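Shown next: query-v3.pdb, given as PDB, C-alpha atoms, pLDDT in the B column.
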MODEL        1
ATOM      1  CA  MET T   9       1.362  -8.147 -17.138  1.00 95.00           C
ATOM      2  CA  ILE T  10       3.162  -5.121 -15.744  1.00 97.00           C
ATOM      3  CA  ILE T  11       3.972  -4.523 -12.075  1.00 98.00           C
ATOM      4  CA  VAL T  12       5.389  -1.402 -10.422  1.00 98.00           C
ATOM      5  CA  SER T  13       7.080  -1.944  -7.077  1.00 98.00           C
ATOM      6  CA  ASP T  14       7.767  -0.010  -3.920  1.00 97.00           C
ATOM      7  CA  SER T  15      10.936  -0.762  -1.955  1.00 95.00           C
ATOM      8  CA  SER T  16       9.968  -3.007   0.970  1.00 94.00           C
ATOM      9  CA  PRO T  17       8.622  -5.913  -1.129  1.00 97.00           C
ATOM     10  CA  ILE T  18      11.846  -5.896  -3.148  1.00 97.00           C
ATOM     11  CA  ILE T  19      13.896  -6.047   0.057  1.00 95.00           C
ATOM     12  CA  ALA T  20      11.664  -8.819   1.410  1.00 96.00           C
ATOM     13  CA  LEU T  21      11.983 -10.911  -1.742  1.00 97.00           C
ATOM     14  CA  ALA T  22      15.747 -10.340  -1.824  1.00 96.00           C
ATOM     15  CA  ILE T  23      16.073 -11.519   1.781  1.00 95.00           C
ATOM     16  CA  CYS T  24      14.205 -14.680   0.791  1.00 96.00           C
ATOM     17  CA  ASP T  25      16.398 -15.098  -2.319  1.00 96.00           C
ATOM     18  CA  LYS T  26      13.242 -14.848  -4.420  1.00 97.00           C
ATOM     19  CA  LEU T  27      13.662 -11.661  -6.458  1.00 96.00           C
ATOM     20  CA  ASP T  28      13.502 -13.812  -9.574  1.00 96.00           C
ATOM     21  CA  LEU T  29       9.815 -14.501  -8.880  1.00 97.00           C
ATOM     22  CA  LEU T  30       8.838 -11.074 -10.167  1.00 97.00           C
ATOM     23  CA  GLU T  31      10.282 -11.731 -13.638  1.00 96.00           C
ATOM     24  CA  LYS T  32       8.696 -15.185 -13.661  1.00 97.00           C
ATOM     25  CA  LEU T  33       5.259 -13.836 -12.744  1.00 98.00           C
ATOM     26  CA  PHE T  34       5.204 -10.583 -14.740  1.00 98.00           C
ATOM     27  CA  ASP T  35       6.175  -9.524 -18.234  1.00 97.00           C
ATOM     28  CA  ARG T  36       7.663  -6.262 -16.998  1.00 97.00           C
ATOM     29  CA  VAL T  37       8.809  -5.083 -13.589  1.00 98.00           C
ATOM     30  CA  SER T  38       9.305  -1.351 -13.103  1.00 98.00           C
ATOM     31  CA  ILE T  39      10.580   0.631 -10.164  1.00 98.00           C
ATOM     32  CA  PRO T  40      10.616   4.415  -9.953  1.00 98.00           C
ATOM     33  CA  GLN T  41      13.851   6.301  -9.386  1.00 97.00           C
ATOM     34  CA  ALA T  42      12.937   7.260  -5.802  1.00 97.00           C
ATOM     35  CA  VAL T  43      12.417   3.578  -4.944  1.00 97.00           C
ATOM     36  CA  TYR T  44      15.767   2.697  -6.496  1.00 96.00           C
ATOM     37  CA  ASN T  45      17.381   5.466  -4.445  1.00 95.00           C
ATOM     38  CA  GLU T  46      15.907   3.936  -1.272  1.00 92.00           C
ATOM     39  CA  LEU T  47      17.161   0.478  -2.228  1.00 92.00           C
ATOM     40  CA  ALA T  48      20.652   1.568  -3.262  1.00 90.00           C
ATOM     41  CA  ILE T  49      21.672   2.720   0.212  1.00 86.00           C
ATOM     42  CA  SER T  50      24.634   0.542   1.155  1.00 78.00           C
ATOM     43  CA  ASN T  51      23.338  -0.299   4.648  1.00 81.00           C
ATOM     44  CA  LYS T  52      20.042  -1.653   3.293  1.00 77.00           C
ATOM     45  CA  PRO T  53      19.705  -5.434   3.303  1.00 77.00           C
ATOM     46  CA  ARG T  54      20.951  -7.008   0.063  1.00 88.00           C
ATOM     47  CA  ALA T  55      21.650  -3.575  -1.485  1.00 90.00           C
ATOM     48  CA  ARG T  56      24.287  -4.804  -3.960  1.00 90.00           C
ATOM     49  CA  GLU T  57      22.145  -7.745  -5.118  1.00 93.00           C
ATOM     50  CA  ILE T  58      19.105  -5.500  -5.480  1.00 95.00           C
ATOM     51  CA  MET T  59      21.039  -2.886  -7.470  1.00 94.00           C
ATOM     52  CA  GLU T  60      22.189  -5.556  -9.919  1.00 94.00           C
ATOM     53  CA  TRP T  61      18.656  -6.949 -10.155  1.00 96.00           C
ATOM     54  CA  ALA T  62      17.213  -3.463 -10.736  1.00 95.00           C
ATOM     55  CA  ASP T  63      19.374  -2.826 -13.796  1.00 94.00           C
ATOM     56  CA  GLY T  64      17.012  -1.976 -16.643  1.00 96.00           C
ATOM     57  CA  LYS T  65      13.949  -1.784 -14.380  1.00 97.00           C
ATOM     58  CA  VAL T  66      14.248   1.830 -13.208  1.00 97.00           C
ATOM     59  CA  VAL T  67      11.676   4.047 -14.890  1.00 96.00           C
ATOM     60  CA  PRO T  68      11.356   7.733 -14.020  1.00 95.00           C
ATOM     61  CA  ALA T  69       7.939   8.835 -12.802  1.00 96.00           C
ATOM     62  CA  ARG T  70       7.118  12.022 -14.685  1.00 96.00           C
ATOM     63  CA  ASN T  71       3.696  13.144 -13.462  1.00 96.00           C
ATOM     64  CA  THR T  72       4.911  15.762 -11.000  1.00 96.00           C
ATOM     65  CA  ILE T  73       1.359  16.814 -10.100  1.00 96.00           C
ATOM     66  CA  ALA T  74       0.386  13.279  -9.042  1.00 95.00           C
ATOM     67  CA  ILE T  75       3.697  12.770  -7.231  1.00 96.00           C
ATOM     68  CA  ALA T  76       3.213  16.023  -5.308  1.00 96.00           C
ATOM     69  CA  ALA T  77      -0.364  15.074  -4.394  1.00 95.00           C
ATOM     70  CA  PHE T  78       0.669  11.632  -3.147  1.00 95.00           C
ATOM     71  CA  SER T  79       3.644  13.160  -1.295  1.00 94.00           C
ATOM     72  CA  ILE T  80       1.284  14.868   1.133  1.00 95.00           C
ATOM     73  CA  SER T  81       0.748  11.491   2.816  1.00 94.00           C
ATOM     74  CA  LEU T  82       3.450   9.191   1.450  1.00 95.00           C
ATOM     75  CA  ASP T  83       7.222   9.016   1.178  1.00 95.00           C
ATOM     76  CA  PRO T  84       8.900   9.790  -2.181  1.00 96.00           C
ATOM     77  CA  GLY T  85       9.225   6.132  -3.224  1.00 96.00           C
ATOM     78  CA  GLU T  86       5.587   5.340  -2.559  1.00 97.00           C
ATOM     79  CA  SER T  87       4.468   8.579  -4.240  1.00 97.00           C
ATOM     80  CA  GLU T  88       6.449   7.852  -7.386  1.00 98.00           C
ATOM     81  CA  ALA T  89       5.328   4.216  -7.391  1.00 98.00           C
ATOM     82  CA  LEU T  90       1.654   5.213  -7.333  1.00 97.00           C
ATOM     83  CA  SER T  91       2.218   7.739 -10.098  1.00 97.00           C
ATOM     84  CA  LEU T  92       4.273   5.298 -12.177  1.00 97.00           C
ATOM     85  CA  TYR T  93       1.469   2.728 -11.888  1.00 97.00           C
ATOM     86  CA  TRP T  94      -0.788   5.101 -13.857  1.00 95.00           C
ATOM     87  CA  GLU T  95       1.951   6.296 -16.205  1.00 96.00           C
ATOM     88  CA  THR T  96       2.859   2.771 -17.299  1.00 96.00           C
ATOM     89  CA  ASN T  97      -0.704   1.461 -17.300  1.00 96.00           C
ATOM     90  CA  ALA T  98       0.471  -1.256 -14.910  1.00 97.00           C
ATOM     91  CA  ASP T  99      -1.644  -4.192 -13.813  1.00 97.00           C
ATOM     92  CA  PHE T 100      -0.476  -4.153 -10.179  1.00 98.00           C
ATOM     93  CA  LEU T 101       1.312  -2.012  -7.639  1.00 98.00           C
ATOM     94  CA  LEU T 102       3.539  -4.083  -5.342  1.00 98.00           C
ATOM     95  CA  ILE T 103       3.390  -2.382  -1.949  1.00 98.00           C
ATOM     96  CA  ASP T 104       3.324  -3.528   1.670  1.00 95.00           C
ATOM     97  CA  GLU T 105       3.019  -0.359   3.770  1.00 94.00           C
ATOM     98  CA  LYS T 106      -0.462   0.085   5.182  1.00 94.00           C
ATOM     99  CA  ARG T 107      -0.843   3.800   4.463  1.00 94.00           C
ATOM    100  CA  GLY T 108       0.363   3.372   0.882  1.00 95.00           C
ATOM    101  CA  ARG T 109      -2.011   0.468   0.333  1.00 96.00           C
ATOM    102  CA  ILE T 110      -4.962   2.480   1.642  1.00 96.00           C
ATOM    103  CA  ILE T 111      -4.192   5.454  -0.579  1.00 96.00           C
ATOM    104  CA  ALA T 112      -3.638   3.189  -3.584  1.00 96.00           C
ATOM    105  CA  GLN T 113      -6.989   1.468  -3.023  1.00 95.00           C
ATOM    106  CA  ARG T 114      -8.731   4.851  -2.678  1.00 94.00           C
ATOM    107  CA  ASN T 115      -7.279   5.692  -6.092  1.00 93.00           C
ATOM    108  CA  LYS T 116      -8.528   2.421  -7.595  1.00 94.00           C
ATOM    109  CA  ILE T 117      -5.005   1.048  -7.974  1.00 96.00           C
ATOM    110  CA  LYS T 118      -4.805  -2.741  -7.972  1.00 98.00           C
ATOM    111  CA  ILE T 119      -2.368  -3.722  -5.255  1.00 98.00           C
ATOM    112  CA  ILE T 120      -0.513  -6.828  -4.276  1.00 97.00           C
ATOM    113  CA  GLY T 121       1.960  -7.274  -1.444  1.00 96.00           C
ATOM    114  CA  THR T 122       4.870  -9.551  -0.723  1.00 97.00           C
ATOM    115  CA  MET T 123       2.513 -12.192   0.709  1.00 96.00           C
ATOM    116  CA  GLY T 124       0.383 -12.028  -2.424  1.00 96.00           C
ATOM    117  CA  ILE T 125       3.464 -12.539  -4.608  1.00 98.00           C
ATOM    118  CA  LEU T 126       4.439 -15.586  -2.555  1.00 97.00           C
ATOM    119  CA  LEU T 127       0.914 -17.027  -2.810  1.00 97.00           C
ATOM    120  CA  PHE T 128       0.803 -16.341  -6.554  1.00 96.00           C
ATOM    121  CA  ALA T 129       4.211 -18.005  -6.976  1.00 97.00           C
ATOM    122  CA  LYS T 130       3.079 -21.064  -5.042  1.00 96.00           C
ATOM    123  CA  GLN T 131      -0.104 -21.331  -7.123  1.00 95.00           C
ATOM    124  CA  ARG T 132       2.057 -21.229 -10.250  1.00 96.00           C
ATOM    125  CA  GLY T 133       4.381 -23.926  -8.889  1.00 96.00           C
ATOM    126  CA  LEU T 134       7.370 -21.589  -8.644  1.00 97.00           C
ATOM    127  CA  ILE T 135       7.866 -22.254  -4.945  1.00 96.00           C
ATOM    128  CA  ILE T 136       6.980 -25.337  -2.918  1.00 95.00           C
ATOM    129  CA  GLN T 137       6.376 -23.786   0.497  1.00 95.00           C
ATOM    130  CA  ILE T 138       5.664 -20.311   1.824  1.00 96.00           C
ATOM    131  CA  LYS T 139       6.179 -21.012   5.542  1.00 96.00           C
ATOM    132  CA  PRO T 140      10.001 -21.112   5.431  1.00 96.00           C
ATOM    133  CA  LEU T 141       9.994 -17.782   3.587  1.00 97.00           C
ATOM    134  CA  LEU T 142       7.657 -16.188   6.137  1.00 96.00           C
ATOM    135  CA  ASP T 143       9.944 -17.443   8.892  1.00 95.00           C
ATOM    136  CA  VAL T 144      12.983 -15.888   7.175  1.00 96.00           C
ATOM    137  CA  LEU T 145      11.126 -12.579   6.927  1.00 96.00           C
ATOM    138  CA  ASN T 146      10.115 -12.719  10.603  1.00 94.00           C
ATOM    139  CA  LYS T 147      13.712 -13.435  11.627  1.00 95.00           C
ATOM    140  CA  ASN T 148      14.886 -10.462   9.582  1.00 93.00           C
ATOM    141  CA  GLY T 149      12.593  -7.908  11.186  1.00 90.00           C
ATOM    142  CA  PHE T 150       9.646  -7.888   8.793  1.00 91.00           C
ATOM    143  CA  ARG T 151       6.447  -7.422  10.718  1.00 87.00           C
ATOM    144  CA  ILE T 152       3.955 -10.149   9.902  1.00 91.00           C
ATOM    145  CA  SER T 153       1.100 -10.310  12.372  1.00 90.00           C
ATOM    146  CA  ASP T 154       0.125 -13.699  13.764  1.00 91.00           C
ATOM    147  CA  VAL T 155      -3.262 -13.362  12.078  1.00 93.00           C
ATOM    148  CA  LEU T 156      -1.707 -12.627   8.672  1.00 92.00           C
ATOM    149  CA  TYR T 157       0.885 -15.390   9.129  1.00 92.00           C
ATOM    150  CA  LEU T 158      -1.828 -17.966   9.795  1.00 93.00           C
ATOM    151  CA  ASN T 159      -4.076 -16.590   7.057  1.00 93.00           C
ATOM    152  CA  ILE T 160      -1.315 -16.865   4.459  1.00 94.00           C
ATOM    153  CA  LEU T 161      -0.448 -20.402   5.550  1.00 95.00           C
ATOM    154  CA  GLU T 162      -4.114 -21.365   5.378  1.00 94.00           C
ATOM    155  CA  ARG T 163      -4.509 -19.872   1.890  1.00 93.00           C
ATOM    156  CA  ALA T 164      -1.323 -21.681   0.822  1.00 94.00           C
ATOM    157  CA  GLY T 165      -2.614 -24.984   2.202  1.00 92.00           C
ATOM    158  CA  GLU T 166       0.246 -25.082   4.698  1.00 93.00           C
ATOM    159  CA  LEU T 167      -1.587 -24.588   7.962  1.00 83.00           C
ATOM    160  CA  GLY T 168      -1.213 -28.266   8.853  1.00 73.00           C
ATOM    161  CA  GLY T 169      -1.081 -28.702  12.622  1.00 56.00           C
ATOM    162  CA  LEU T 170      -0.875 -24.971  13.387  1.00 54.00           C
ATOM    163  CA  ARG T 171      -4.006 -23.582  14.983  1.00 50.00           C
ATOM    164  CA  GLN T 172      -5.112 -20.077  15.698  1.00 48.00           C
ATOM    165  CA  THR T 173      -5.498 -19.488  19.439  1.00 44.00           C
TER     166      THR T 173
ENDMDL
END

Translate this file's structure into structure tokens.
Amino acid sequence: MIIVSDSSPIIALAICDKLDLLEKLFDRVSIPQAVYNELAISNKPRAREIMEWADGKVVPARNTIAIAAFSISLDPGESEALSLYWETNADFLLIDEKRGRIIAQRNKIKIIGTMGILLFAKQRGLIIQIKPLLDVLNKNGFRISDVLYLNILERAGELGGLRQT
């Protein structure tokens, strides 16, 4: 399976020390040049680690017409990621931003987000618990709504004593 990724899921997985999950779950991981450029900014979290991880994964998106069309509503990284999904005949687009997800779905692109990767990894036995990773993301400024947090824990079988109020 092939996955094309936008920047925020890569940052999220790096913060959780789980970038390796992508190679364990997918045969090929590709990121467009514009996404790499967003990730390679020195003040971004885990920039050096991400740049090393990204070696050999950067693939230029070449469909300038699609990129321009997506750029009307999306940033350059998201636009190239959506285009690269089609260009590489990928199985999934890894994206978290709401607007990008909506546009991808309208274009019949199969999407998965950081939470979906964590659930998939748990189902495959690659991680034991999701809750500690969600807590790390919350502490590092990633916005996870209470509803999503509880939903993910429930789907992961980790809801335990937590209850939705």

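The shortest atom-to-atom distance to Thr122 (chain T), with only C-alpha atoms taken into account, belongs to T:Leu29 out of T:Ile10, T:Ala55, T:Ile49, T:Leu29.
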
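The residues caught by the PyMOL selection byres ((chain T and resi 151) around 12) in this file are Ser16, Ala20, Asp104, Glu105, Lys106, Thr122, Met123, Leu142, Asp143, Val144, Leu145, Asn146, Lys147, Asn148, Gly149, Phe150, Ile152, Ser153, Asp154, Val155, Leu156 and Tyr157 of chain T.
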
Pairwise distance for CA of Asn97 (chain T) and CA of Glu60 (chain T), rounded to one decimal in Å: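 Between these atoms lies a distance of 25.1 Å.
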
Residue with smallest distance to Ala48 (chain T) - pool T:Ser79, T:Pro68, T:Ser15, T:Ala74, counting only C-alpha atoms: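 Among T:Ser79, T:Pro68, T:Ser15, T:Ala74, it is T:Ser15 that comes nearest to Ala48 (chain T).
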
Of the listed residues T:Ile75, T:Ile117, T:Met59, T:Ile160, that which approaches Gln137 (chain T) most closely, counting only C-alpha atoms: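 The shortest atom-to-atom distance to Gln137 (chain T) comes from T:Ile160.
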
Spatial neighbours of Ile23 (chain T), max dist 10 Å, all atoms listed in the file, sep filter under 2 positions, as a PyMOL selection string: chain T and resi 17-21+25-27+53-54+57-58+141+144-145+148

Distance criterion (all atoms listed in the file): nearest to Asp63 (chain T) out of T:Leu82, T:Leu101, T:Tyr44, T:Leu33: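 Looking at the shortest contact to Asp63 (chain T), the residue is T:Tyr44.
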
From T:Ser50, T:Thr96, T:Asn45, T:Ser81, residue lying nearest Ala62 (chain T) [all atoms listed in the file]: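 Of T:Ser50, T:Thr96, T:Asn45, T:Ser81, the one nearest Ala62 (chain T), counting all atoms listed in the file, is T:Asn45.
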
Around all the atoms of region 78-89 of chain T listed in the file, with 4 Å of room on each side, what axis-aligned box do you get, giving centre and edge lengths in Å to one decimal, as lines of an AutoDock Vina configuration file?
center_x = 4.9
center_y = 9.5
center_z = -2.3
size_x = 16.6
size_y = 18.7
size_z = 18.2

Evaluate the PyMOL selection byres ((chain T and resi 111) around 12) and report residues as number ranges by chain: T: 77-82, 86-87, 89-91, 101, 103-110, 112-119

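Minimum atom-to-atom distances from T:Leu92, T:Leu127, T:Leu134, T:Val43 to Arg70 (chain T) were compared using only C-alpha atoms, and the lowest value belongs to T:Leu92.
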
Two-atom distance - CA of Ser38 (chain T), CA of Val12 (chain T) (Å):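 The value is 4.7 Å.
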
Shell of 6 Å around Met9 (chain T), all atoms listed in the file, local chain residues under 6 positions omitted, as a list of chain:residue names: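 The residues that qualify are T:Phe34, T:Asp35, T:Asp99.
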
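The interatomic distance for the pair CA of Gln41 (chain T) and CA of Ser13 (chain T) works out to 10.9 Å.
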